[in-house]
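A.B. asks: Dropping the structure in here first, questions after.
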Amino acid sequence: MNTKEAIQTRRSVKHYDPSHKMTEAEVRELMEHAILSPTAFNLQHWRFISIDSPEKRQAVFEASWGQTQVRDASLVLVLCADLNAWEKDPARYWRNAPQRVQDFMLPAIENYYTNHHQAQRDECVRSASIAATTIMLMAKEMGYDSCPMDGFDFDQVAKLIDLPHDHIIVLITIGKKLEDANPRAGQLP
């Protein structure tokens, strides 16, 4: 499948085959591509948590107000974005860059984010969203469907995964669809 086809055919699937499991190799391939997603200042704000245990999956299902895609998907991913990645040893993101680039980027990161809380949050939302899109398009390429989720209790899911206070979350389900998504409701030109 090419990128154009993946974009055109990717839909938010709600009904998955609960008996299908992704292999470790498939999950690894998916995540190896996810970490290639661009991020502001190369800060790689995202961290990925797979909800694997039946108990945690059930708890996330309940926190998602009974949406069956959480219960039935092959993979439930919580994308966590670190609001303070910019101040947690930012040199590690640039260690392979030429020294002149490091000398420019490290002060630029500090100058941009210091006392700029909205920018910190905006970049996390952007970085997590770009990673989520990469994951969903890669999943489509691999023959899977996906659903980015908003309908869940963020605080409850945060507690379930012991989310640090300085992180935000995005939830995605991935699996083999049982039913097609509804037709597109309409697109603006």
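In the structure tokens, chains take letters A, B, ... by order of appearance, with residues numbered from 1 within each chain and ligands from 1 in the order shown.
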Can you check which residues of segment 85-157 of chain A DSSP gives as helix (DSSP H, G or I) on the backbone and send them as an NGL selection string?
C.D. replies: :A and (85-87 or 90-94 or 99-113 or 117-141 or 154-157)
A.B. asks: If you keep N, CA and C atoms, can you produce a file of those selected residues as a short mmCIF file (atom, residue, chain, number, x, y, z; two decimals), in the first residue's frame?
C.D. replies:
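Dumped to result.cif:
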data_model
loop_
_atom_site.label_atom_id
_atom_site.label_comp_id
_atom_site.auth_asym_id
_atom_site.auth_seq_id
_atom_site.Cartn_x
_atom_site.Cartn_y
_atom_site.Cartn_z
N ALA A 85 10.16 17.60 28.63
CA ALA A 85 11.27 16.93 27.95
C ALA A 85 12.40 17.91 27.63
N TRP A 86 12.04 19.14 27.38
CA TRP A 86 13.01 20.16 26.98
C TRP A 86 14.06 20.43 28.04
N GLU A 87 13.74 20.17 29.32
CA GLU A 87 14.71 20.47 30.38
C GLU A 87 15.32 19.21 31.01
N PRO A 90 18.51 17.81 27.57
CA PRO A 90 18.27 17.94 26.14
C PRO A 90 19.49 17.64 25.28
N ALA A 91 20.67 17.64 25.86
CA ALA A 91 21.88 17.33 25.09
C ALA A 91 21.83 15.91 24.53
N ARG A 92 21.10 15.02 25.19
CA ARG A 92 21.04 13.63 24.72
C ARG A 92 20.39 13.52 23.34
N TYR A 93 19.51 14.44 23.00
CA TYR A 93 18.85 14.40 21.70
C TYR A 93 19.75 14.87 20.57
N TRP A 94 20.82 15.56 20.92
CA TRP A 94 21.70 16.17 19.93
C TRP A 94 23.11 15.62 20.00
N GLN A 99 29.24 19.71 16.76
CA GLN A 99 29.32 20.59 17.93
C GLN A 99 28.69 21.95 17.66
N ARG A 100 28.89 22.50 16.47
CA ARG A 100 28.31 23.82 16.16
C ARG A 100 26.79 23.78 16.22
N VAL A 101 26.20 22.64 15.82
CA VAL A 101 24.74 22.49 15.88
C VAL A 101 24.30 22.39 17.34
N GLN A 102 25.02 21.59 18.12
CA GLN A 102 24.71 21.47 19.55
C GLN A 102 24.80 22.84 20.23
N ASP A 103 25.84 23.59 19.90
CA ASP A 103 26.05 24.91 20.52
C ASP A 103 24.92 25.87 20.19
N PHE A 104 24.27 25.67 19.06
CA PHE A 104 23.13 26.50 18.70
C PHE A 104 21.83 25.97 19.32
N MET A 105 21.60 24.68 19.18
CA MET A 105 20.31 24.09 19.55
C MET A 105 20.04 24.10 21.05
N LEU A 106 21.01 23.77 21.85
CA LEU A 106 20.75 23.66 23.29
C LEU A 106 20.32 24.98 23.91
N PRO A 107 20.99 26.09 23.63
CA PRO A 107 20.46 27.37 24.14
C PRO A 107 19.12 27.75 23.51
N ALA A 108 18.93 27.40 22.25
CA ALA A 108 17.66 27.72 21.58
C ALA A 108 16.50 27.00 22.26
N ILE A 109 16.70 25.74 22.63
CA ILE A 109 15.67 24.98 23.34
C ILE A 109 15.33 25.66 24.65
N GLU A 110 16.34 25.99 25.42
CA GLU A 110 16.11 26.63 26.72
C GLU A 110 15.41 27.98 26.56
N ASN A 111 15.86 28.78 25.61
CA ASN A 111 15.26 30.10 25.39
C ASN A 111 13.80 29.98 24.94
N TYR A 112 13.51 28.99 24.10
CA TYR A 112 12.15 28.86 23.57
C TYR A 112 11.16 28.40 24.64
N TYR A 113 11.55 27.45 25.48
CA TYR A 113 10.60 26.84 26.41
C TYR A 113 10.55 27.47 27.79
N HIS A 117 4.85 28.06 28.96
CA HIS A 117 4.11 26.84 29.26
C HIS A 117 3.17 26.42 28.13
N GLN A 118 2.58 27.38 27.46
CA GLN A 118 1.69 27.03 26.35
C GLN A 118 2.48 26.34 25.23
N ALA A 119 3.67 26.83 24.95
CA ALA A 119 4.51 26.20 23.92
C ALA A 119 4.89 24.79 24.34
N GLN A 120 5.18 24.59 25.61
CA GLN A 120 5.51 23.25 26.10
C GLN A 120 4.35 22.29 25.83
N ARG A 121 3.14 22.71 26.18
CA ARG A 121 1.97 21.86 25.96
C ARG A 121 1.67 21.69 24.47
N ASP A 122 1.72 22.78 23.72
CA ASP A 122 1.44 22.71 22.29
C ASP A 122 2.38 21.74 21.59
N GLU A 123 3.66 21.79 21.91
CA GLU A 123 4.62 20.89 21.27
C GLU A 123 4.36 19.44 21.63
N CYS A 124 3.94 19.19 22.86
CA CYS A 124 3.60 17.81 23.25
C CYS A 124 2.40 17.31 22.48
N VAL A 125 1.38 18.13 22.36
CA VAL A 125 0.19 17.74 21.60
C VAL A 125 0.57 17.49 20.15
N ARG A 126 1.36 18.39 19.58
CA ARG A 126 1.80 18.23 18.19
C ARG A 126 2.62 16.95 18.01
N SER A 127 3.61 16.76 18.88
CA SER A 127 4.49 15.59 18.75
C SER A 127 3.72 14.29 18.92
N ALA A 128 2.83 14.23 19.91
CA ALA A 128 2.03 13.01 20.12
C ALA A 128 1.08 12.79 18.96
N SER A 129 0.52 13.85 18.42
CA SER A 129 -0.40 13.72 17.29
C SER A 129 0.32 13.25 16.04
N ILE A 130 1.50 13.78 15.80
CA ILE A 130 2.27 13.34 14.63
C ILE A 130 2.65 11.87 14.79
N ALA A 131 3.09 11.47 15.99
CA ALA A 131 3.42 10.06 16.24
C ALA A 131 2.19 9.18 16.07
N ALA A 132 1.04 9.64 16.56
CA ALA A 132 -0.20 8.87 16.42
C ALA A 132 -0.54 8.68 14.95
N THR A 133 -0.38 9.71 14.15
CA THR A 133 -0.65 9.61 12.71
C THR A 133 0.31 8.62 12.06
N THR A 134 1.58 8.71 12.41
CA THR A 134 2.56 7.76 11.88
C THR A 134 2.15 6.33 12.23
N ILE A 135 1.76 6.11 13.47
CA ILE A 135 1.36 4.78 13.92
C ILE A 135 0.15 4.29 13.13
N MET A 136 -0.85 5.14 12.98
CA MET A 136 -2.07 4.72 12.29
C MET A 136 -1.81 4.44 10.81
N LEU A 137 -0.99 5.25 10.16
CA LEU A 137 -0.69 4.99 8.74
C LEU A 137 0.19 3.76 8.58
N MET A 138 1.13 3.55 9.49
CA MET A 138 1.96 2.35 9.43
C MET A 138 1.11 1.11 9.69
N ALA A 139 0.19 1.21 10.64
CA ALA A 139 -0.71 0.09 10.92
C ALA A 139 -1.51 -0.26 9.67
N LYS A 140 -2.00 0.76 8.97
CA LYS A 140 -2.75 0.52 7.73
C LYS A 140 -1.87 -0.19 6.71
N GLU A 141 -0.63 0.26 6.57
CA GLU A 141 0.33 -0.39 5.66
C GLU A 141 0.51 -1.85 6.01
N PHE A 154 -9.46 10.79 31.16
CA PHE A 154 -8.01 10.99 31.12
C PHE A 154 -7.38 10.76 32.48
N ASP A 155 -7.98 11.29 33.53
CA ASP A 155 -7.41 11.15 34.87
C ASP A 155 -7.38 9.69 35.32
N GLN A 156 -8.43 8.96 35.01
CA GLN A 156 -8.49 7.55 35.40
C GLN A 156 -7.44 6.73 34.66
N VAL A 157 -7.29 6.95 33.36
CA VAL A 157 -6.27 6.23 32.60
C VAL A 157 -4.88 6.64 33.09
#
A.B. asks: I want to know what sits within 6 Å of segment 159-169 of chain A, based on only C-alpha atoms, with residues of the same chain fewer than 2 positions away left out; could you give that as a ChimeraX atom specification?
C.D. replies: /A:79-83,156-157
A.B. asks: Using only all heavy atoms, please write the residues we just selected to a file, as a tab-separated table (two decimals), in the first residue's frame.
C.D. replies:
chain	number	residue	atom	x	y	z
A	79	LEU	N	-0.11	6.92	24.18
A	79	LEU	CA	1.02	7.78	23.84
A	79	LEU	C	1.09	8.85	24.91
A	79	LEU	O	0.12	9.60	25.11
A	79	LEU	CB	0.83	8.45	22.48
A	79	LEU	CG	1.07	7.58	21.25
A	79	LEU	CD1	0.02	6.51	21.11
A	79	LEU	CD2	1.11	8.46	20.03
A	80	CYS	N	2.18	8.87	25.62
A	80	CYS	CA	2.39	9.86	26.68
A	80	CYS	C	3.37	10.90	26.15
A	80	CYS	O	4.34	10.54	25.50
A	80	CYS	CB	2.98	9.18	27.91
A	80	CYS	SG	2.06	7.73	28.46
A	81	ALA	N	3.11	12.14	26.43
A	81	ALA	CA	4.00	13.21	25.99
A	81	ALA	C	4.49	13.98	27.20
A	81	ALA	O	3.71	14.42	28.04
A	81	ALA	CB	3.29	14.13	25.02
A	82	ASP	N	5.80	14.11	27.29
A	82	ASP	CA	6.47	14.74	28.44
A	82	ASP	C	6.53	16.25	28.26
A	82	ASP	O	7.27	16.75	27.41
A	82	ASP	CB	7.87	14.15	28.58
A	82	ASP	CG	8.62	14.64	29.80
A	82	ASP	OD1	8.15	15.58	30.47
A	82	ASP	OD2	9.69	14.06	30.07
A	83	LEU	N	5.76	16.97	29.05
A	83	LEU	CA	5.71	18.43	28.96
A	83	LEU	C	7.06	19.08	29.24
A	83	LEU	O	7.33	20.19	28.80
A	83	LEU	CB	4.67	18.98	29.95
A	83	LEU	CG	3.22	18.63	29.66
A	83	LEU	CD1	2.36	18.89	30.88
A	83	LEU	CD2	2.71	19.40	28.46
A	156	GLN	N	-8.43	8.96	35.01
A	156	GLN	CA	-8.49	7.55	35.40
A	156	GLN	C	-7.44	6.73	34.66
A	156	GLN	O	-6.74	5.91	35.27
A	156	GLN	CB	-9.89	7.00	35.16
A	156	GLN	CG	-10.13	5.66	35.81
A	156	GLN	CD	-11.59	5.22	35.66
A	156	GLN	OE1	-12.45	5.98	35.21
A	156	GLN	NE2	-11.87	4.00	36.03
A	157	VAL	N	-7.29	6.95	33.36
A	157	VAL	CA	-6.27	6.23	32.60
A	157	VAL	C	-4.88	6.64	33.09
A	157	VAL	O	-4.00	5.78	33.24
A	157	VAL	CB	-6.43	6.47	31.08
A	157	VAL	CG1	-5.24	5.89	30.31
A	157	VAL	CG2	-7.74	5.86	30.58
A.B. asks: For segment 55-63 of chain A, find every residue with an atom within 6 Å (counting only C-alpha atoms), except residues of its own chain fewer than 4 positions away, and show them as a VMD selection string.
C.D. replies: chain A and resid 51 70 to 71 152 to 153
A.B. asks: Limited to all heavy atoms, could you put the picked residues into a file as an mmCIF file, in the first residue's frame?
C.D. replies:
data_model
loop_
_atom_site.group_PDB
_atom_site.id
_atom_site.type_symbol
_atom_site.label_atom_id
_atom_site.label_comp_id
_atom_site.auth_asym_id
_atom_site.auth_seq_id
_atom_site.Cartn_x
_atom_site.Cartn_y
_atom_site.Cartn_z
ATOM 1 N N ILE A 51 -1.052 -1.428 26.576
ATOM 2 C CA ILE A 51 -1.884 -1.997 27.639
ATOM 3 C C ILE A 51 -2.114 -3.464 27.288
ATOM 4 O O ILE A 51 -2.932 -3.781 26.419
ATOM 5 C CB ILE A 51 -3.234 -1.243 27.764
ATOM 6 C CG1 ILE A 51 -2.998 0.255 27.947
ATOM 7 C CG2 ILE A 51 -4.063 -1.835 28.895
ATOM 8 C CD1 ILE A 51 -2.268 0.642 29.213
ATOM 9 N N VAL A 70 -11.550 -0.733 22.782
ATOM 10 C CA VAL A 70 -10.506 -0.881 23.806
ATOM 11 C C VAL A 70 -10.423 -2.326 24.274
ATOM 12 O O VAL A 70 -9.341 -2.866 24.478
ATOM 13 C CB VAL A 70 -10.766 0.066 25.000
ATOM 14 C CG1 VAL A 70 -9.800 -0.208 26.140
ATOM 15 C CG2 VAL A 70 -10.672 1.516 24.547
ATOM 16 N N ARG A 71 -11.545 -2.954 24.403
ATOM 17 C CA ARG A 71 -11.582 -4.345 24.864
ATOM 18 C C ARG A 71 -11.121 -5.307 23.775
ATOM 19 O O ARG A 71 -10.428 -6.288 24.046
ATOM 20 C CB ARG A 71 -13.004 -4.694 25.306
ATOM 21 C CG ARG A 71 -13.158 -6.101 25.876
ATOM 22 C CD ARG A 71 -14.599 -6.478 26.058
ATOM 23 N NE ARG A 71 -15.261 -6.496 24.744
ATOM 24 C CZ ARG A 71 -16.536 -6.197 24.544
ATOM 25 N NH1 ARG A 71 -17.316 -5.869 25.545
ATOM 26 N NH2 ARG A 71 -17.054 -6.236 23.329
ATOM 27 N N PHE A 152 -12.611 9.073 26.813
ATOM 28 C CA PHE A 152 -12.196 8.301 27.977
ATOM 29 C C PHE A 152 -11.865 9.265 29.104
ATOM 30 O O PHE A 152 -11.646 10.454 28.885
ATOM 31 C CB PHE A 152 -11.015 7.372 27.665
ATOM 32 C CG PHE A 152 -9.745 8.059 27.235
ATOM 33 C CD1 PHE A 152 -8.760 8.368 28.156
ATOM 34 C CD2 PHE A 152 -9.529 8.372 25.902
ATOM 35 C CE1 PHE A 152 -7.579 8.983 27.759
ATOM 36 C CE2 PHE A 152 -8.357 8.991 25.495
ATOM 37 C CZ PHE A 152 -7.382 9.300 26.419
ATOM 38 N N ASP A 153 -11.838 8.754 30.306
ATOM 39 C CA ASP A 153 -11.514 9.548 31.485
ATOM 40 C C ASP A 153 -9.991 9.655 31.578
ATOM 41 O O ASP A 153 -9.315 8.707 31.996
ATOM 42 C CB ASP A 153 -12.102 8.879 32.725
ATOM 43 C CG ASP A 153 -11.901 9.678 33.985
ATOM 44 O OD1 ASP A 153 -10.824 10.296 34.143
ATOM 45 O OD2 ASP A 153 -12.811 9.669 34.828
#
A.B. asks: Any idea what the distance is between atom CA of Val13 of chain A and atom CA of Ala73 of chain A?
C.D. replies: 9.7 Å
A.B. asks: Counting only C-alpha atoms, which residue out of A:Asp150, A:Asp145, A:Glu179, A:Asp52 sits closest to Arg11 of chain A?
C.D. replies: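 Ranked by minimum distance to Arg11 of chain A, first place goes to A:Asp145.
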A.B. asks: Among chain A, which residues carry a DSSP assignment of strand (DSSP E), reported as a list in words?
C.D. replies: Trp46, Arg47, Phe48, Ile49, Ser50, Leu75, Val76, Leu77, Val78, Leu79, Cys80, Ala81, Asp82, Asp145, Ser146, Cys147, Pro148, Met149, His167, Ile168, Ile169, Val170, Leu171, Ile172, Thr173, Ile174 and Gly175 of chain A
A.B. asks: Figure out the distance between atom CA of Pro189 of chain A and atom CA of Met149 of chain A, please, to one decimal in Å.
C.D. replies: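 Straight-line distance from atom CA of Met149 of chain A to atom CA of Pro189 of chain A works out to 24.8 Å.
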A.B. asks: Using only C-alpha atoms, which protein or nucleic acid residues come within 6 Å of Thr173 of chain A? Drop anything in the same chain fewer than 3 positions from it, and give the result as number ranges by chain.
C.D. replies: A: 73, 75-76, 146-147
A.B. asks: Atom CA of Asn42 of chain A and atom CA of Gln8 of chain A are how many Å apart?
C.D. replies: 28.6 Å
